[in-house]
Amino acid sequence: MSDDLDGVAGYMQRAKQQALENVEHVAEGVAAETLPEGKLFEIAQSIGDKRLEELNVEDTTCGYCAVGCRFDLYSDGEEILAARPTAEEDAPVNGISTCVKGKFSYDFVNSDDRLTSPLVRDENGEFREATWDEALSRVAEGLGAIKDEHGGEALSVIASSKATNEDNYLMGKFARQVLGTNSVDNCNRLCHSSTVAGLARTYGYGAASITTEDLELADCILLTGSNTTEAHPVLATRIKQNVRDGADLLVFDPREVQIAEYATQYSRVTPGYDAVWINGITRYIVNNDLHDESFVDERTTGFEDVKEAVQEFTPERVEEVTGVPPEEIAAAAETVAAADACVFGWTLGLTEHSHGTENVMAMANLAAVTGNLGKPGAGVSPFRGQNNVQGGGGDMGPLPDNFPGYQDIADDEIRAKFEDAWDCEISPEYGYYTTQMFLAADDDDVRGMYIIGENAALSEPGVNHAEDVLRDLEFLVVQDLFVNETAQYADVVLPACSFVEKTGTFTNTDRTVQMVKQVMEPKGDSRPDWKILQDLANRMGREWDYDSSAEIMDEVSSLTPLYGGVSHERIDAEGGLQWPCWDEDHPGTERLYTEAFNTESGKANLQAVGYSEPAETPDERYPFTLTTGRVLYQYHTGTMTNREAGIRQYSPNNFVEIHPEAAAELGVESGDLVTIESRNGEIAVPAQVTDRVGPENLFVPIHFADSAVNRLTDEEHLDPAAATPEFKVSAVRVRPYEGEAETMASFDGEVARGDD
Amino acid sequence: MAEPQESYPESATHGGREQATDEDGEAALRKALAAHGEDIADIVARTDELDDALTTAILIAAAADEDELDHITASTTNLIEAVDGLSTEDAAALATAVGENADDLSASLDSVLELQREGQLDDLVTVAAAFSESLSPAEVEELSTMLEANGTEIVEAMDLVLELQREGHLEPLVALAKTLSTLEIDEDAARGMNDLLGAVGEARRESEPVGLLGALRQLGGRDARAGLGYVIAVLKAQGRRLRNDDG
């Protein structure tokens with residue numbers, strides 16, 4: 001019920017609340033004089049319970065970041081009224097903690113522009129409302145026609161890491177079985193796919209080795225490229241608590257982010273050269289015999305190669321390239337080496353580079369040579385971004401090269417297993433990664449796309465190019481909660497449900513599979529993704545007949561050894577399961593690699609990593625290095641948070657952080673508009689003068705559509721192994737804004753990019 | 001190939017649906033009103049008066065502090081007077097139950113509760129509230145359904161409402177009805193009220209404030225539900241009145 005009713009209905013509404021409050025107030029006064037306190041409490045409890053009886057309450061998993069917080073959500077069927085702590089045993093990661101987004105940001109569910117009916121194009125190319133029957137028929141015809149004429153390979157699917165594991169499993173199955181393409185990928189490509197590639201190559205699993213509790217058990221935590229307090233607030237709390245209790249915290253970052261305030265040592269690094277300073281630390285450790293010799297001997301291969309490769313990273317060279325002085329490299333190395341247990345944590349500052357996989361492998365080498373794996377308080381911890389990018393984006397296999405559970409599609413035996421289960425033929429050739437799909441579309445190798453819960457028109461690097469691609473596709477279907485920037489190019493838009501309107505599972509950043517429970521009915525005619533996919537598959541000649549997402553998970557576990565013992569029933573009963581969970585009797589795996597690595601030899605395969613630099617370095621024409629990232633009150637392309645009035649009060653507008661020296665040279669002050677220009681495009685944003693960034697660096701957040709920072713980034717320079725774009729380094733120049741200030745639209749409520 | 005389209009039909013959105021429901025409901029309401037002819041037309045013509053009366057009554061309930069709850073309590077007496085005008089069997093029973101002491105009040109309240117259980121009080125209030133512009137879509141829909149199903153009775157009820165309003169009884173009626181309906185008094189609570197009001201009568205006979213508190217303590221074993229707060233408020237006010245009377 002809206003608060004702004006006026007007239008009699010409004011009075012009634014308020015009177016109802018007020019009358020009840022008044023009588024309760026009087027009751028309190030009377031009771032306090034006459035009743036024992038315990039009875040008073042009972043009465044209050046009874047009144048409270050009576051009110052709550054009318055609400056639907058479910059424990060569920062947060063749909064914002066991938067920390068995996070769990071809490072009770074309260075709904076009256078129309079909207080989400082509250083998020084409150086659930087039983088602590090059901091919230092293993094967060095306990096009673098929740099960040100501002102998980103606690104308050106649910107207005108998007110009921111937003112006026114929430115799409116509740118399918119849209120199709122009319123004869124003039126305008127959107128009109130359609131029935132599900134018509135919309136699904138159009139999709140089946142549109143995708144089917146391309147498949148018939150050009151083969152399934154001419155189609156691609158972008159799956160959604162916001163959706164459940166069950167939804168994502170079906171997205172992968174739909175691509176391969178129904179459309180006949182391996183070109184299915186998701187937002188992990190834009191963020192941590194280099195983590196997955198780097199860790200898989202060295203240790204075997206592309207995931208965090210730690211359990212979240214290790215952040216509190218560690219003697220030392222080395223963080224890099226992670227604005228933890230803003231991007232993963234609940235994890236940051238646990239880290240800060242450990243530091244308060246005596247642990248060392250080392251922060252390497254181009255920006256002096258808030259967590260650096262708690263650090264034992266903060267080192268500012270030049271963006272784009274992370275492997276250099278990491279190798280510098282490794283060099284110091286091995287050259288001073290500070291490495292864990294027995295661990296290296298017994299549990300790794302390739303140590304000598306690594307030792308040789310790091311020799312070029314002398315303290316002088318590291319300082320010259322990264323700006324980190326020799327004493328800081330030495331201090332960090334000594335601290336890591338002295339610690340009994342160290343966690344190495346990172347976010348996208350390490351990965352969103354044209355050599356992100358090498359950065360991750362350099363970090364994996366450092367963790368291994370110091371023996372910090374497979375024991376309490378030690379390990380590697382990439383902090384994943386999207387709520388379900390670990391599970392939906394990776395584990396469930398909506399990937400061009402892997403089936404669910406990271407099973408290689410090129411492996412004949414594995415492929416045969418899925419061909420048999422899905423009753424179809426599957427090509428052994430890898431499909432396109434997301435970033436490659438957009439490049440392949442230029443050559444007409446991709447002609448139709450099915451984009452689910454992603455805002456590629458803003459989130460892809462070099463969005464000017466992405467827009468051209470979307471416009472030129474022969475057929476585009478978008479499935480989303482909103483008509484976002486991507487959907488504006490669609491032939492058909494299908495209305496999907498948010499996580500509060502469906503049941504399934506998410507897998508968080510420490511591999512814990514947790515229940516997502518429906519708290520309210522789908523809005524309007526919107527539907528859960530898995531139901532839409534099932535209807536579509538059946539229209540395109542298949543016979544899917546899942547009755548529930550629990551049935552889908554049963555199919556996942558039958559085909560995916562990592563999830564072999566996972567079922568909804570068990571997760572609900574046990575409060576979350578960490579993979580690998582091989583069978584029904586397996587308890588799940590808190591920490592990876594306690595006994596062996598997931599490689600053929602069972603040892604970690606250390607990889608020699610040499611010098612690397614950004615694809616685009618600053619020069620006279622573009623002298624600044626631009627990095628991008630997040631702010632606390634916002635989330636990704638803003639489709640959810642920008643619909644929350646309270647959030648927008650805190651963080652309504654885009655901005656650029658610029659160092660005082662640079663600002664003085666340009667003659668700009670905080671609040672002045674500046675134009676930032678790269679080789680790919682330009683945007684105008686207000687300056688925020690701060691020494692949080694270095695004198696030659698700029699920072700712009702990713703959340704705002706009206707001045708989308710991805711107009712400046714570049715779509716072509718990708719990590720060779722993981723195809724991750726270089727969001728974190730763009731060469732730019734900056735000048736005071738010269739146009740009319742009014743043209744810098746006051747913020748209009750949309751997005752900037754969906755990363756992990 | 002598709003050119004980007006920023007615009008799309010609002011009817012395909014959550015906001016558009018809410019508005020459509022509102023409009024549909026209003027249309028249904030208008031149709032139902034038209035079908036019931038002049039009686040309703042007369043009532044509609046007097047909307048402003050009705051609105052004002054309701055507004056005042058509800059504001060009193062809404063803003064009630066401890067003292068003003070006395071007023072609400074006192075209004076039960078007005079209510080009982082008011083129902084003299086009602087013609088249903090329940091109303092007749094209520095009317096005959098009117099008395100000077102709290103025991104009678106207890107019985108009267110029981111009758112009011114009976115009215116409420118049958119949905120008639122709610123109906124009266126809903127109909128009375130209908131003639132404003134700001135009903136929620138759900139309320140408008142409910143009202144139009146109600147009018148379709150029970151048009152004649154509702155028209156009669158409206159006549160009663162207007163009659164009550166003319167005689168100045170509407171305010172207390174609405175205030176009490178809303179309070180009772182908010183509290184969702186069920187059988188247990190109703191019995192509790194009877195018992196308590198019986199105790200009030202006893203307390204009055206004993207003329208001892210201690211008796212009142214004693215009665216309150218007896219409440220301890222009972223299911224404490226939402227109605228309790230109201231009952232305590234009534235008791236407290238009654239107790240004060242008893243003390244004042246004695247004093």
# chains A, B, ... in the order shown; residues from 1 in each chain; ligands from 1

call {"tool": "select_by_dssp", "arguments": {"residues": "stretch 380-498 of chain A", "states": "alpha helix (DSSP H)", "output": "PyMOL selection string"}}
result
chain A and resi 412-422+434-442+456-459+463-472

call {"tool": "write_last_selection", "arguments": {"atoms": "C-alpha atoms", "output": "compact mmCIF listing (two decimals), in the first residue's frame"}}
result
# COMPACT_ATOMS: atom_id res chain seq x y z
CA ASP A 412 35.11 -37.20 -26.26
CA GLU A 413 33.99 -39.24 -23.29
CA ILE A 414 32.48 -36.29 -21.48
CA ARG A 415 30.84 -34.98 -24.61
CA ALA A 416 29.31 -38.40 -25.23
CA LYS A 417 27.87 -38.36 -21.71
CA PHE A 418 26.06 -35.09 -22.37
CA GLU A 419 25.03 -36.04 -25.90
CA ASP A 420 23.43 -39.10 -24.44
CA ALA A 421 21.75 -37.29 -21.54
CA TRP A 422 20.51 -34.42 -23.70
CA THR A 434 31.16 -13.05 -24.92
CA THR A 435 33.75 -10.53 -25.98
CA GLN A 436 34.50 -12.61 -29.08
CA MET A 437 30.79 -12.90 -29.95
CA PHE A 438 30.67 -9.16 -30.51
CA LEU A 439 33.77 -9.27 -32.69
CA ALA A 440 32.47 -12.35 -34.59
CA ALA A 441 29.21 -10.53 -35.30
CA ASP A 442 31.21 -8.02 -37.34
CA ALA A 456 25.70 -5.81 -22.87
CA ALA A 457 24.94 -2.43 -24.43
CA LEU A 458 26.59 -0.88 -21.38
CA SER A 459 28.70 -3.63 -19.88
CA VAL A 463 30.07 0.11 -26.00
CA ASN A 464 29.97 2.19 -29.17
CA HIS A 465 30.95 -0.99 -30.99
CA ALA A 466 28.57 -3.13 -28.95
CA GLU A 467 25.68 -0.86 -29.92
CA ASP A 468 26.52 -1.25 -33.61
CA VAL A 469 26.59 -5.02 -33.24
CA LEU A 470 23.25 -5.17 -31.43
CA ARG A 471 21.64 -2.95 -34.04
CA ASP A 472 22.90 -5.11 -36.90
